[in-house]
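Notes follow once the structure below has been shown.
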Amino acid sequence: MVISSLADSLVRGVETVGDRVSETLFEPVIRLGVTGLARSGKTVFITSLVANLLDRGRMTGLVAQQEGRINAAYLQPQPDDTVPRFDFESHLSDLTGPEPHWPDSTRAVSELRLSFKARPAGLLSGLQGPRKIHLDIVDYPGEWLLDLALLEKSYEEWSHETLERIERRPQAAEFLAQAKAVDLAGPHEEPTAQALAGLFTTYLNAAREAGFYDCTPGRFILPGDLAGSPVLTFAPLPVSGPSRRRTLQREMERRYEAYKSQVVKPFFRDHFARIDRQVVLVDALGAIHKGPQAVEDMRRAMADILSAFRPGRNAWLSQMLLGKRVERILFAATKADHLHHLQHPRLTAIMEALTREARDRAKFAGAETAALSLAALRATTEEMRSHDGVELPCVRGTLLESGKKAAFYPGDLPEDPAHLLTPARNGAEGWLGEDYGFMAFAPAKLTLRPGDGPPHIRLDRAAQFLIGDRL
Ligand SMILES: Nc1nc2c(ncn2[C@@H]2O[C@H](COP(=O)(O)OP(=O)(O)OP(=O)(O)O)[C@@H](O)[C@H]2O)c(=O)[nH]1
Ligand SMILES: [Mg+2]
C-alpha cells in the first residue's frame with residue numbers, strides 16, 4: 001500500500017514537472033498583472049481587453065493581428081485551482097447587454113486564461129506551424145501592493161507613522177479620540193480591540209471616499225473572506241516601548257505581525273512574484289476633478305505602489321523573487337473617453353509626470369516602462385461646440401445619473417503637467433483659474449459587427465506593449 005502510493009505520488013510529481021517543462025518549452029505562458037487603486041477601471045479593462053482579443057476587428061495596433069498571424073484565441077481553464085476565476089462572461093454581458101451598465105466593484109484577486117494560436121513572426125513564420133501561447137490575466141487591488149511597506153515596519157513604527165499622518169484629518173477624529181484614551185497596558189479584551197479596529201476601518205473607508213489614497217492596511221477596506229477575523233482586528237495605537245504579556249498592546253502587536261505573515265506575504269509569494277508583465281491603471285481624471293490634494297495623494301500612492309517593482313529596497317521581497325522581475329510595466333490613465341482626443345496627449349503627459357519618479361526607478365531595475373491614456377470601453381463620441389465664440393472640444397454621452405444625453409467639456413488640461421502637479425505638491429486648496437469637471441457616463445448601447453469587440457481607445461496599443469512581442 002505504502003509503496004504504491006509513494007510510487008503514485010512520484011509518478012504524479014514527474015508528470016507535473018513534465019507538464020511544466022513542455023509548457024514552458026513549447027507553450028509559453030505570459031502572466032499579466034492588472035492593478036490600480038479602487039475604481040481605477042480594472043474590471044472594465046480586463047473585460048474589454050479579453051473581448052477585443054477574442055474578436056480582434058478593433059485591434060489593428062496589435063502587430064500580430066495586423067500581420068494576420070493570430071489564427072485563434074479562446075478561453076481556457078486557468079492553471080490555479082484555488083484562485084477565483086475572473087467572471088468575464090457576466091462582466092461582458094453587463095457592459096454589452098441590452099441595458100448596458102458598469103460592472104459591480106470587485107474586491108479580491110481573480111484570474112483568467114486566454115490562449116492564442118499564432119504563427120511566429122519573421123523568418124520562422126513560413127517554416128513553423130502555429131504555436132500555442134497562454135495569457136494568464138491576474139486582477140488584484142493596488143491597495144494590496146501598498147501593504148508591502150508594512151513588512152519593514154514594527155507595530156510601533158507603523159502606529160507612530162499612521163497616527164501622525166492622520167492626526168489632522170477630520171475623518172479620523174473619532175478613532176483618534178478612542179485610540180488616545182485606551183489603556184494599552186491593561187488586559188486585552190476582545191470588545192475593545194473590535195471597537196478600535198471598527199473605528200479605524202470606518203476612518204479608512206471615509207478617508208478613501210474623501211479622496212485619500214494612503215488607506216492601508218489594504219485588507220481593512222477589501223477584507224473578502226477575512227472580514228471579522230483577528231488578523232483584521234487591530235489598529236494603530238500610541239505605543240511607546242515594549243509590551244507586557246496579555247496586554248492590549250501585546251495582542252495588537254501580535255495581530256499586526258499575523259497580518260504581515262499571513263495576509264501580506266502570501267499575496268506577494270503566490271501572486272505578485274509570478275507576474276511577467278504589469279499594467280497599472282490610474283484614474284487620473286477622477287483625481288484631477290477632486291482637486292490638488294487628491295492628485296498629490298495619488299502621486300504618493302503611485303510611488304509607493306511602484307516601489308514593489310523595485311524589489312531591491314525590500315529584503316524579504318528580493319530574496320523571495322530570486323532575481324525574477326517584471327519585464328514590462330504600463331502606466332495607463334483610464335477613462336480617456338471623458339476627453340476629446342485633442343486633449344489626450346496632455347493626459348498622457350500628466351500620467352508620465354505622475355509616475356516619473358517611480359518609472360525612473362523601474363528602469364533602473366531593468367523593466368521596460370511606458371505611459372499612455374486609454375479607454376477600455378468608449379462611452380462617448382466627440383464633437384466641437386462653440387461657446388462664447390470659442391470652439392470647445394467636447395464629448396457626448398448618456399449621463400449615468402439622469403440617463404439624458406449631454407455634451408460635456410471637462411476643462412482645458414494644461415500643456416505642462418507641472419501646472420497641476422506643483423500646486424498639488426505645495427498643498428494648494430483648489431486649482432487656480434480652472435475647474436475640471438467630471439461627468440459619469442453610462443456605457444453606450446452597442447451593435448457590434450461580427451468580428452469586432454467593444455469600442456475602445458488605444459486598448460490595442462496597450463496590448464501591443466504588454467504582450468505584442470511574445471505573439
Ligand atoms: N467612460 C468610461 N468609464 C469607465 C471606463 N472604465 C471604467 N469606467 C468607470 O469607472 C468605474 C470603475 O471601473 P471598474 O472597472 O469597475 O474599476 P475597478 O478598478 O475594477 O474597481 P474596483 O473593483 O471597485 O476596485 C466604472 O463603474 C465606470 O464608471 C471607461 O473606459 N470609460
Ligand atoms: Mg474591479
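Quick note on naming: the chains in the C-alpha cells go A, B, ... in the order shown, residues restart at 1 in each chain, and ligands are numbered from 1 in order of appearance.
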Please report, as a PDB file with C-alpha atoms, in the first residue's frame, each residue of range 332-385 of chain A to which DSSP assigns strand (DSSP E) when run on this structure's backbone.
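Output file states_3.pdb is given in full below:
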```pdb
ATOM      1  CA  ALA A 332      -2.308  53.810 -18.185  1.00  0.00           C
ATOM      2  CA  ALA A 333      -4.650  56.711 -17.490  1.00  0.00           C
ATOM      3  CA  GLU A 368      10.689  48.491 -19.723  1.00  0.00           C
ATOM      4  CA  THR A 369       8.010  51.085 -18.975  1.00  0.00           C
ATOM      5  CA  ALA A 370       5.521  53.163 -20.954  1.00  0.00           C
ATOM      6  CA  ALA A 371       2.647  55.535 -20.244  1.00  0.00           C
ATOM      7  CA  LEU A 372      -0.497  56.097 -22.273  1.00  0.00           C
ATOM      8  CA  SER A 373      -4.092  57.189 -21.911  1.00  0.00           C
ATOM      9  CA  THR A 381     -18.488  60.421 -29.109  1.00  0.00           C
ATOM     10  CA  GLU A 382     -16.598  63.614 -29.886  1.00  0.00           C
ATOM     11  CA  GLU A 383     -17.901  66.935 -31.092  1.00  0.00           C
ATOM     12  CA  MET A 384     -16.840  70.588 -31.315  1.00  0.00           C
ATOM     13  CA  ARG A 385     -19.245  73.105 -29.811  1.00  0.00           C
TER      14      ARG A 385
END
```
Taking only residues of chain A that have an atom at most 6 Å from an atom of ligand 2, what is each one's shortest atom pair and its distance in Å to one decimal, using only C-alpha atoms and all ligand atoms, in chain and number order, as a Markdown table?
```
| residue | atom | partner | partner_atom_place_in_ligand_line | distance |
| --- | --- | --- | --- | --- |
| A:Lys42 | CA | ligand 2 | 1 (Mg) | 5.2 |
| A:Thr43 | CA | ligand 2 | 1 (Mg) | 4.1 |
| A:Ser105 | CA | ligand 2 | 1 (Mg) | 4.8 |
| A:Thr106 | CA | ligand 2 | 1 (Mg) | 3.9 |
```
Close residues, range 391-397 of chain A itself excluded, 8 Å, only C-alpha atoms, min 6 positions apart in chain, as number ranges by chain: A: 337-340, 342, 379-385, 405-410, 441-442, 444
Each range 226-324 of chain A residue no farther than 12 Å from range 167-185 of chain A, nearest pair in Å, only C-alpha atoms, as JSON lines:
```
{"residue": "A:Phe234", "atom": "CA", "partner": "A:Ala179", "partner_atom": "CA", "distance": 11.2}
{"residue": "A:Ala235", "atom": "CA", "partner": "A:Ala179", "partner_atom": "CA", "distance": 8.4}
{"residue": "A:Pro236", "atom": "CA", "partner": "A:Ala179", "partner_atom": "CA", "distance": 7.8}
{"residue": "A:Leu237", "atom": "CA", "partner": "A:Ala179", "partner_atom": "CA", "distance": 5.7}
{"residue": "A:Pro238", "atom": "CA", "partner": "A:Lys180", "partner_atom": "CA", "distance": 6.7}
{"residue": "A:Val239", "atom": "CA", "partner": "A:Leu184", "partner_atom": "CA", "distance": 7.3}
{"residue": "A:Ser240", "atom": "CA", "partner": "A:Leu184", "partner_atom": "CA", "distance": 9.7}
{"residue": "A:Gly241", "atom": "CA", "partner": "A:Ala185", "partner_atom": "CA", "distance": 10.9}
{"residue": "A:Pro242", "atom": "CA", "partner": "A:Ala185", "partner_atom": "CA", "distance": 10.2}
{"residue": "A:Ser243", "atom": "CA", "partner": "A:Ala185", "partner_atom": "CA", "distance": 7.4}
{"residue": "A:Arg244", "atom": "CA", "partner": "A:Ala185", "partner_atom": "CA", "distance": 7.2}
{"residue": "A:Arg245", "atom": "CA", "partner": "A:Ala185", "partner_atom": "CA", "distance": 9.1}
{"residue": "A:Arg246", "atom": "CA", "partner": "A:Ala185", "partner_atom": "CA", "distance": 8.8}
{"residue": "A:Thr247", "atom": "CA", "partner": "A:Ala185", "partner_atom": "CA", "distance": 5.3}
{"residue": "A:Leu248", "atom": "CA", "partner": "A:Leu184", "partner_atom": "CA", "distance": 5.3}
{"residue": "A:Gln249", "atom": "CA", "partner": "A:Leu184", "partner_atom": "CA", "distance": 5.1}
{"residue": "A:Arg250", "atom": "CA", "partner": "A:Ala185", "partner_atom": "CA", "distance": 8.5}
{"residue": "A:Glu251", "atom": "CA", "partner": "A:Leu184", "partner_atom": "CA", "distance": 9.9}
{"residue": "A:Met252", "atom": "CA", "partner": "A:Leu184", "partner_atom": "CA", "distance": 9.4}
{"residue": "A:Glu253", "atom": "CA", "partner": "A:Leu184", "partner_atom": "CA", "distance": 11.1}
```
Those of range 35-262 of chain A in DSSP alpha helix (DSSP H), formatted as JSON, numbers by chain: {"A": [42, 43, 44, 45, 46, 47, 48, 49, 50, 51, 52, 53, 54, 63, 64, 65, 66, 88, 89, 90, 91, 92, 93, 94, 95, 96, 124, 125, 126, 127, 143, 144, 145, 146, 155, 156, 157, 158, 159, 160, 161, 162, 163, 164, 165, 166, 173, 174, 175, 176, 177, 178, 179, 180, 181, 190, 191, 192, 193, 194, 195, 196, 197, 198, 199, 200, 201, 202, 203, 204, 205, 206, 207, 208, 209, 218, 219, 220, 221, 248, 249, 250, 251, 252, 253, 254, 255, 256, 257, 258, 259]}
Distance query Glu67 in chain A at most 12 Å, only C-alpha atoms, self and fewer than 5 positions along chain excluded, as JSON, numbers by chain: {"A": [59, 60, 61, 62, 118, 119, 120, 121, 122, 125, 468, 471]}
Atom pair CA of Gly453 in chain A / CA of Gly57 in chain A: separation (Å):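 Pair CA of Gly453 in chain A / CA of Gly57 in chain A returns 6.6 Å.
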Distance in Å - CA of Arg356 in chain A versus CA of Leu163 in chain A: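 Value for the CA of Arg356 in chain A-CA of Leu163 in chain A distance: 28.7 Å.
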CA of Arg310 in chain A to CA of Glu152 in chain A, distance in Å rounded to a single decimal: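 Between CA of Arg310 in chain A and CA of Glu152 in chain A the gap works out to 14.7 Å.
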